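One file, data-v5.txt, is given below (compact mmCIF, C-alpha atoms and all ligand atoms).
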# COMPACT_ATOMS: atom_id res chain seq x y z
CA MET A 1 -71.65 -99.06 100.72
CA ILE A 2 -73.97 -97.38 103.21
CA ILE A 3 -72.27 -95.68 106.15
CA GLU A 4 -74.39 -94.68 109.14
CA SER A 5 -73.87 -91.03 110.05
CA ILE A 6 -75.34 -88.24 112.09
CA LEU A 7 -76.24 -85.76 109.38
CA THR A 8 -76.33 -82.10 110.31
CA THR A 9 -78.10 -79.50 108.21
CA LEU A 10 -79.19 -75.90 108.72
CA ASP A 11 -82.51 -74.32 107.85
CA PRO A 12 -82.54 -70.92 106.10
CA ALA A 13 -82.65 -69.16 109.51
CA GLY A 14 -79.53 -71.04 110.65
CA THR A 15 -81.14 -73.51 113.06
CA ALA A 16 -79.22 -76.80 113.15
CA ASN A 17 -80.91 -80.18 112.65
CA PHE A 18 -79.35 -83.51 113.68
CA ALA A 19 -80.57 -86.81 112.23
CA PRO A 20 -79.22 -90.35 111.90
CA MET A 21 -78.91 -91.08 108.16
CA GLY A 22 -77.33 -93.91 106.23
CA VAL A 23 -75.45 -92.37 103.29
CA GLU A 24 -73.98 -93.94 100.15
CA TRP A 25 -70.29 -93.45 100.69
CA GLY A 26 -67.80 -92.13 98.18
CA GLU A 27 -64.55 -90.22 98.50
CA GLN A 28 -65.63 -87.36 96.20
CA GLU A 29 -69.40 -87.85 96.22
CA ILE A 30 -71.84 -88.82 98.97
CA ILE A 31 -75.49 -89.64 98.24
CA ILE A 32 -78.10 -88.88 100.88
CA LYS A 33 -81.59 -90.43 100.72
CA PRO A 34 -83.93 -88.65 103.13
CA PHE A 35 -87.67 -89.28 103.13
CA LEU A 36 -89.52 -86.24 101.83
CA GLU A 37 -91.18 -85.47 105.17
CA THR A 38 -87.89 -85.16 107.07
CA THR A 39 -86.39 -81.85 108.15
CA THR A 40 -83.13 -83.10 106.64
CA PHE A 41 -84.72 -83.20 103.18
CA LYS A 42 -86.22 -79.71 103.52
CA ASN A 43 -82.91 -78.27 104.73
CA LEU A 44 -80.91 -79.91 101.94
CA ARG A 45 -83.38 -78.53 99.40
CA ASP A 46 -83.46 -75.05 100.94
CA THR A 47 -79.82 -74.49 101.91
CA GLY A 48 -77.84 -76.93 99.74
CA ALA A 49 -75.26 -78.13 102.29
CA ALA A 50 -74.73 -80.69 105.05
CA VAL A 51 -72.12 -82.24 107.29
CA VAL A 52 -71.83 -86.04 107.37
CA ASN A 53 -70.58 -86.78 110.90
CA LEU A 54 -69.02 -90.18 111.69
CA THR A 55 -69.13 -91.07 115.36
CA ASP A 56 -68.65 -94.15 117.53
CA ASP A 57 -71.11 -92.79 120.11
CA VAL A 58 -74.23 -94.88 119.43
CA MET A 59 -76.21 -92.95 122.02
CA LEU A 60 -76.57 -90.20 119.41
CA PHE A 61 -78.15 -92.66 116.98
CA ALA A 62 -80.48 -93.93 119.71
CA GLN A 63 -81.58 -90.45 120.76
CA GLY A 64 -81.85 -89.21 117.16
CA ALA A 65 -83.98 -92.21 116.16
CA ILE A 66 -86.69 -91.59 118.73
CA ALA A 67 -86.81 -87.80 119.17
CA THR A 68 -85.88 -84.43 117.76
CA VAL A 69 -82.54 -83.66 119.34
CA GLN A 70 -79.85 -81.01 119.53
CA PHE A 71 -76.23 -81.99 120.23
CA PRO A 72 -73.17 -79.82 120.95
CA ALA A 73 -71.66 -78.66 117.64
CA VAL A 74 -69.24 -76.11 116.18
CA PRO A 75 -69.28 -74.23 112.86
CA ALA A 76 -68.13 -76.12 109.77
CA THR A 77 -65.09 -74.96 107.77
CA ALA A 78 -66.10 -75.01 104.12
CA VAL A 79 -69.92 -75.04 104.07
CA ARG A 80 -72.68 -73.27 105.96
CA GLY A 81 -73.24 -75.97 108.58
CA VAL A 82 -72.16 -77.43 111.89
CA VAL A 83 -69.85 -80.25 112.95
CA LEU A 84 -70.89 -82.51 115.80
CA GLU A 85 -68.53 -82.24 118.78
CA ALA A 86 -68.81 -86.01 119.20
CA ALA A 87 -67.67 -86.66 115.60
CA CYS A 88 -64.52 -88.74 115.12
CA SER A 89 -64.30 -87.41 111.57
CA TRP A 90 -66.60 -85.70 109.12
CA ARG A 91 -67.27 -84.62 105.53
CA GLU A 92 -68.66 -81.22 104.66
CA VAL A 93 -70.77 -81.56 101.51
CA GLU A 94 -72.54 -79.38 98.94
CA VAL A 95 -75.69 -80.45 97.08
CA ARG A 96 -75.06 -81.05 93.36
CA SER A 97 -78.43 -82.51 92.37
CA LEU A 98 -81.67 -83.38 94.08
CA ASP A 99 -84.29 -85.84 92.88
CA ALA A 100 -87.40 -85.46 95.03
CA THR A 101 -89.39 -88.40 93.66
CA PRO A 102 -91.52 -89.78 96.55
CA PRO A 103 -91.21 -91.34 98.98
CA ARG A 104 -87.46 -90.88 99.32
CA ALA A 105 -85.28 -88.19 97.78
CA ARG A 106 -81.88 -88.88 96.23
CA VAL A 107 -79.50 -86.03 96.93
CA VAL A 108 -76.09 -86.17 95.28
CA THR A 109 -73.49 -84.12 97.12
CA ALA A 110 -69.85 -83.23 96.50
CA VAL A 111 -67.31 -83.41 99.33
CA ALA A 112 -65.95 -79.91 99.95
CA HIS A 113 -63.93 -80.59 103.10
CA ARG A 114 -62.76 -83.51 105.29
CA GLY A 115 -62.12 -83.17 109.01
CA PHE A 116 -60.68 -85.47 111.67
CA ARG A 117 -60.86 -85.12 115.45
CA ARG A 118 -60.16 -88.49 117.08
CA GLU A 119 -59.69 -92.17 116.47
CA PHE A 120 -62.64 -94.40 115.56
CA LEU A 121 -62.05 -97.63 117.46
CA GLY A 122 -62.51 -101.11 115.98
CA PHE A 123 -65.67 -103.17 115.65
CA ASN A 124 -67.84 -103.62 118.70
CA ARG A 125 -70.84 -105.94 118.48
CA ALA A 126 -72.88 -104.01 121.04
CA ARG A 127 -72.51 -100.78 119.07
CA HIS A 128 -73.75 -102.50 115.93
CA ALA A 129 -76.58 -104.06 117.92
CA VAL A 130 -77.64 -100.63 119.19
CA LEU A 131 -77.58 -99.28 115.63
CA GLU A 132 -79.91 -102.09 114.55
CA ALA A 133 -82.14 -101.42 117.54
CA ALA A 134 -82.25 -97.71 116.63
CA ILE A 135 -83.40 -98.57 113.11
CA LEU A 136 -86.08 -100.89 114.52
CA ALA A 137 -87.23 -98.08 116.79
CA THR A 138 -87.94 -95.93 113.71
CA ARG A 139 -90.09 -98.77 112.26
CA THR A 140 -92.50 -99.44 115.09
CA GLN A 141 -95.37 -98.29 112.86
CA LEU A 142 -94.35 -100.63 110.05
CA LEU A 143 -93.33 -103.91 111.70
CA PRO A 144 -95.35 -106.34 113.86
CA ALA A 145 -94.80 -105.73 117.59
CA GLU A 146 -93.78 -109.37 118.02
CA GLN A 147 -90.98 -109.06 115.48
CA ILE A 148 -89.65 -105.95 117.21
CA ARG A 149 -89.79 -107.72 120.58
CA ASP A 150 -87.95 -110.79 119.25
CA GLU A 151 -85.25 -108.75 117.54
CA PHE A 152 -84.72 -106.63 120.64
CA ALA A 153 -84.33 -109.77 122.74
CA ARG A 154 -81.66 -111.05 120.33
CA LEU A 155 -79.83 -107.72 120.22
CA GLN A 156 -79.98 -107.39 124.02
CA VAL A 157 -77.93 -110.60 124.38
CA ILE A 158 -75.14 -109.06 122.28
CA VAL A 159 -75.29 -105.84 124.29
CA ASP A 160 -75.11 -107.77 127.56
CA LYS A 161 -72.01 -109.62 126.35
CA THR A 162 -70.00 -106.83 124.73
CA ALA A 163 -71.23 -103.36 125.73
CA GLY A 164 -69.70 -100.58 127.77
CA PRO A 165 -71.90 -98.32 129.94
CA ARG A 166 -72.75 -95.93 127.08
CA GLU A 167 -74.06 -98.73 124.83
CA ARG A 168 -76.02 -100.27 127.72
CA GLU A 169 -77.64 -96.92 128.41
CA ALA A 170 -78.47 -96.38 124.71
CA MET A 171 -80.03 -99.86 124.45
CA ALA A 172 -82.10 -99.24 127.59
CA LEU A 173 -83.40 -95.98 126.10
CA LEU A 174 -84.50 -97.75 122.91
CA SER A 175 -86.02 -100.69 124.79
CA ASP A 176 -88.11 -98.32 126.88
CA PHE A 177 -89.24 -96.57 123.72
CA VAL A 178 -90.38 -99.70 121.86
CA ARG A 179 -92.13 -101.12 124.93
CA THR A 180 -94.84 -98.49 124.43
CA ALA A 181 -97.45 -99.93 122.05
CA PRO A 182 -97.10 -98.27 118.61
CA SER A 183 -100.84 -97.55 118.56
CA GLU A 184 -100.40 -95.45 121.68
CA ARG A 185 -97.86 -93.18 120.06
CA THR A 186 -99.04 -89.82 118.81
CA GLU A 187 -96.20 -89.18 116.34
CA PRO A 188 -95.47 -91.92 113.80
CA ALA A 189 -91.80 -92.73 113.18
CA SER A 190 -90.77 -91.88 109.60
CA ARG A 191 -88.48 -94.77 108.77
C1 LIG A 201 -79.08 -95.74 111.65
C2 LIG A 201 -80.23 -94.95 111.06
C3 LIG A 201 -80.20 -94.63 109.69
C4 LIG A 201 -81.23 -93.89 109.11
N1 LIG A 201 -81.18 -93.57 107.77
C5 LIG A 201 -82.16 -92.81 107.20
C6 LIG A 201 -82.11 -92.46 105.82
O1 LIG A 201 -81.19 -92.81 105.07
N2 LIG A 201 -83.13 -91.68 105.34
C7 LIG A 201 -84.16 -91.25 106.13
O2 LIG A 201 -85.04 -90.52 105.65
N3 LIG A 201 -84.23 -91.60 107.44
C8 LIG A 201 -83.26 -92.36 107.99
N4 LIG A 201 -83.34 -92.69 109.33
C9 LIG A 201 -84.48 -92.22 110.12
C10 LIG A 201 -84.30 -90.77 110.47
O3 LIG A 201 -83.17 -90.59 111.31
C11 LIG A 201 -85.55 -90.26 111.21
O4 LIG A 201 -86.65 -90.33 110.35
C12 LIG A 201 -85.40 -88.86 111.70
O5 LIG A 201 -86.51 -88.58 112.50
C13 LIG A 201 -85.34 -87.82 110.60
O6 LIG A 201 -85.05 -86.60 111.24
P1 LIG A 201 -85.31 -85.17 110.63
O7 LIG A 201 -86.78 -85.03 110.35
O8 LIG A 201 -84.85 -84.26 111.73
O9 LIG A 201 -84.47 -85.03 109.39
C14 LIG A 201 -82.32 -93.45 109.92
C15 LIG A 201 -82.34 -93.79 111.28
C16 LIG A 201 -81.32 -94.53 111.85
C17 LIG A 201 -81.37 -94.86 113.30
Could you rewrite the structure in this file as structure tokens?
Ligand SMILES: Cc1cc2nc3c(=O)[nH]c(=O)nc-3n(C[C@H](O)[C@H](O)[C@H](O)COP(=O)(O)O)c2cc1C
Amino acid sequence: MIIESILTTLDPAGTANFAPMGVEWGEQEIIIKPFLETTTFKNLRDTGAAVVNLTDDVMLFAQGAIATVQFPAVPATAVRGVVLEAACSWREVEVRSLDATPPRARVVTAVAHRGFRREFLGFNRARHAVLEAAILATRTQLLPAEQIRDEFARLQVIVDKTAGPREREAMALLSDFVRTAPSERTEPASR
């Protein structure tokens, strides 16, 4: 099963990187599949550790999907890394093997530590809709503009029905982003 996380990694100089990543979940082992051009891949290769942060704050997925971002974080316990302050819970992981076959690496990691900060509430349709919108926002270079527009319209209905203010704000951020024609963007999205 793929669980959507905010993955934090450090570069060799200790600078933290935050990226939304779907990871293959396991209790002892978590598999991360970053595209080779991502900072996440380079950091995993160069420093061999990460923190898989689980959060119910979809704004972080929205912001992370469309820009390079920094979020408040504190040092991890068992690996050289950082834990997102907004995490409900997290796994600190160490790289065991790395297959860098293009276009997408397969990085097998072992769970070295589990942490818990606060409750993760139940299902909310708007949060899932924002997650889907965030993924679409990383694919503006790959999908027809009409498809993106149609899917956003469908997801917006769910947000209107079931969101709180944070989800509404995250959806508005993504909608603004995709409204710009992909051909006008200078930096292509990588997923
Ligand atoms: C919910 C979600 C899941 C994602 N999962 C992945 C993934 O598994 N692998 C990947 O390379 N990119 C994934 N992305 C896209 C990356 O977050 C995006 O390319 C990001 O810019 C990479 O950041 P980085 O270069 O700082 O590592 C995902 C995006 C979202 C919104």
Residues of chain A within 7 Å of ligand LIG 201 (chain A): nearest atom pair and distance (Å, one decimal) for each, counting only C-alpha atoms and all ligand atoms, sorted by chain and number, as JSON lines?
{"residue": "A:Glu4", "atom": "CA", "partner": "A:LIG201", "partner_atom": "C1", "distance": 5.4}
{"residue": "A:Asn17", "atom": "CA", "partner": "A:LIG201", "partner_atom": "O8", "distance": 5.7}
{"residue": "A:Phe18", "atom": "CA", "partner": "A:LIG201", "partner_atom": "O8", "distance": 5.9}
{"residue": "A:Ala19", "atom": "CA", "partner": "A:LIG201", "partner_atom": "O6", "distance": 4.6}
{"residue": "A:Pro20", "atom": "CA", "partner": "A:LIG201", "partner_atom": "O3", "distance": 4.0}
{"residue": "A:Met21", "atom": "CA", "partner": "A:LIG201", "partner_atom": "N1", "distance": 3.4}
{"residue": "A:Gly22", "atom": "CA", "partner": "A:LIG201", "partner_atom": "N1", "distance": 4.2}
{"residue": "A:Val23", "atom": "CA", "partner": "A:LIG201", "partner_atom": "O1", "distance": 6.0}
{"residue": "A:Ile32", "atom": "CA", "partner": "A:LIG201", "partner_atom": "O1", "distance": 6.5}
{"residue": "A:Lys33", "atom": "CA", "partner": "A:LIG201", "partner_atom": "O1", "distance": 5.0}
{"residue": "A:Pro34", "atom": "CA", "partner": "A:LIG201", "partner_atom": "O2", "distance": 3.3}
{"residue": "A:Phe35", "atom": "CA", "partner": "A:LIG201", "partner_atom": "O2", "distance": 3.8}
{"residue": "A:Glu37", "atom": "CA", "partner": "A:LIG201", "partner_atom": "O7", "distance": 6.8}
{"residue": "A:Thr38", "atom": "CA", "partner": "A:LIG201", "partner_atom": "O7", "distance": 3.5}
{"residue": "A:Thr39", "atom": "CA", "partner": "A:LIG201", "partner_atom": "O7", "distance": 3.9}
{"residue": "A:Thr40", "atom": "CA", "partner": "A:LIG201", "partner_atom": "O9", "distance": 3.6}
{"residue": "A:Phe41", "atom": "CA", "partner": "A:LIG201", "partner_atom": "O9", "distance": 6.5}
{"residue": "A:Phe61", "atom": "CA", "partner": "A:LIG201", "partner_atom": "C17", "distance": 5.4}
{"residue": "A:Ala62", "atom": "CA", "partner": "A:LIG201", "partner_atom": "C17", "distance": 6.5}
{"residue": "A:Gly64", "atom": "CA", "partner": "A:LIG201", "partner_atom": "O3", "distance": 6.2}
{"residue": "A:Ala65", "atom": "CA", "partner": "A:LIG201", "partner_atom": "C17", "distance": 4.7}
{"residue": "A:Ile66", "atom": "CA", "partner": "A:LIG201", "partner_atom": "O5", "distance": 6.9}
{"residue": "A:Ala67", "atom": "CA", "partner": "A:LIG201", "partner_atom": "O5", "distance": 6.7}
{"residue": "A:Thr68", "atom": "CA", "partner": "A:LIG201", "partner_atom": "O8", "distance": 6.1}
{"residue": "A:Arg104", "atom": "CA", "partner": "A:LIG201", "partner_atom": "O2", "distance": 6.8}
{"residue": "A:Leu131", "atom": "CA", "partner": "A:LIG201", "partner_atom": "C1", "distance": 5.5}
{"residue": "A:Ala134", "atom": "CA", "partner": "A:LIG201", "partner_atom": "C17", "distance": 4.5}
{"residue": "A:Ile135", "atom": "CA", "partner": "A:LIG201", "partner_atom": "C17", "distance": 4.2}
{"residue": "A:Thr138", "atom": "CA", "partner": "A:LIG201", "partner_atom": "C9", "distance": 6.2}
{"residue": "A:Ala189", "atom": "CA", "partner": "A:LIG201", "partner_atom": "O4", "distance": 6.3}
{"residue": "A:Ser190", "atom": "CA", "partner": "A:LIG201", "partner_atom": "O4", "distance": 4.5}
{"residue": "A:Arg191", "atom": "CA", "partner": "A:LIG201", "partner_atom": "C9", "distance": 4.9}
Give me, as CSV, the closest atom pair and its distance (Å, one decimal) for every residue of stretch 44-80 of chain A within a cut-off of 8 Å of stretch 158-173 of chain A, counting all atoms listed in the file, rows sorted by chain and rising number.
residue,atom,partner,partner_atom,distance
A:Asp57,CA,A:Arg166,CA,7.8
A:Val58,CA,A:Glu167,CA,6.6
A:Met59,CA,A:Ala170,CA,4.9
A:Ala62,CA,A:Ala170,CA,5.9
A:Gln63,CA,A:Ala170,CA,7.8
Store the residues of this selection in a file with C-alpha atoms, as an mmCIF file, keeping the file's coordinate frame.
data_model
loop_
_atom_site.group_PDB
_atom_site.id
_atom_site.type_symbol
_atom_site.label_atom_id
_atom_site.label_comp_id
_atom_site.auth_asym_id
_atom_site.auth_seq_id
_atom_site.Cartn_x
_atom_site.Cartn_y
_atom_site.Cartn_z
ATOM 1 C CA ASP A 57 -71.110 -92.790 120.110
ATOM 2 C CA VAL A 58 -74.230 -94.880 119.430
ATOM 3 C CA MET A 59 -76.210 -92.950 122.020
ATOM 4 C CA ALA A 62 -80.480 -93.930 119.710
ATOM 5 C CA GLN A 63 -81.580 -90.450 120.760
#
Near-A:Ala129 list (8 Å; all atoms listed in the file; drop same-chain fewer than 2 positions) as a PyMOL selection string:
chain A and resi 125-127+131-133+155-156+158-159
Find the residues around A:Leu10 up to 8 Å (all atoms listed in the file counted), leave out those fewer than 6 positions away in its own chain, and share them as a list in words.
Ala16, Asn17, Asn43, Thr47, Ala49, Ala50, Arg80, Gly81 and Val82 of chain A
Writer output for current selection, C-alpha atoms, as a PDB file, in the frame of the given file:
ATOM      1  CA  ALA A  16     -79.220 -76.800 113.150  1.00  0.00           C
ATOM      2  CA  ASN A  17     -80.910 -80.180 112.650  1.00  0.00           C
ATOM      3  CA  ASN A  43     -82.910 -78.270 104.730  1.00  0.00           C
ATOM      4  CA  THR A  47     -79.820 -74.490 101.910  1.00  0.00           C
ATOM      5  CA  ALA A  49     -75.260 -78.130 102.290  1.00  0.00           C
ATOM      6  CA  ALA A  50     -74.730 -80.690 105.050  1.00  0.00           C
ATOM      7  CA  ARG A  80     -72.680 -73.270 105.960  1.00  0.00           C
ATOM      8  CA  GLY A  81     -73.240 -75.970 108.580  1.00  0.00           C
ATOM      9  CA  VAL A  82     -72.160 -77.430 111.890  1.00  0.00           C
TER      10      VAL A  82
END
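Picture a line from atom CA of A:Ile30 to atom CA of A:Leu44; it runs 13.1 Å.
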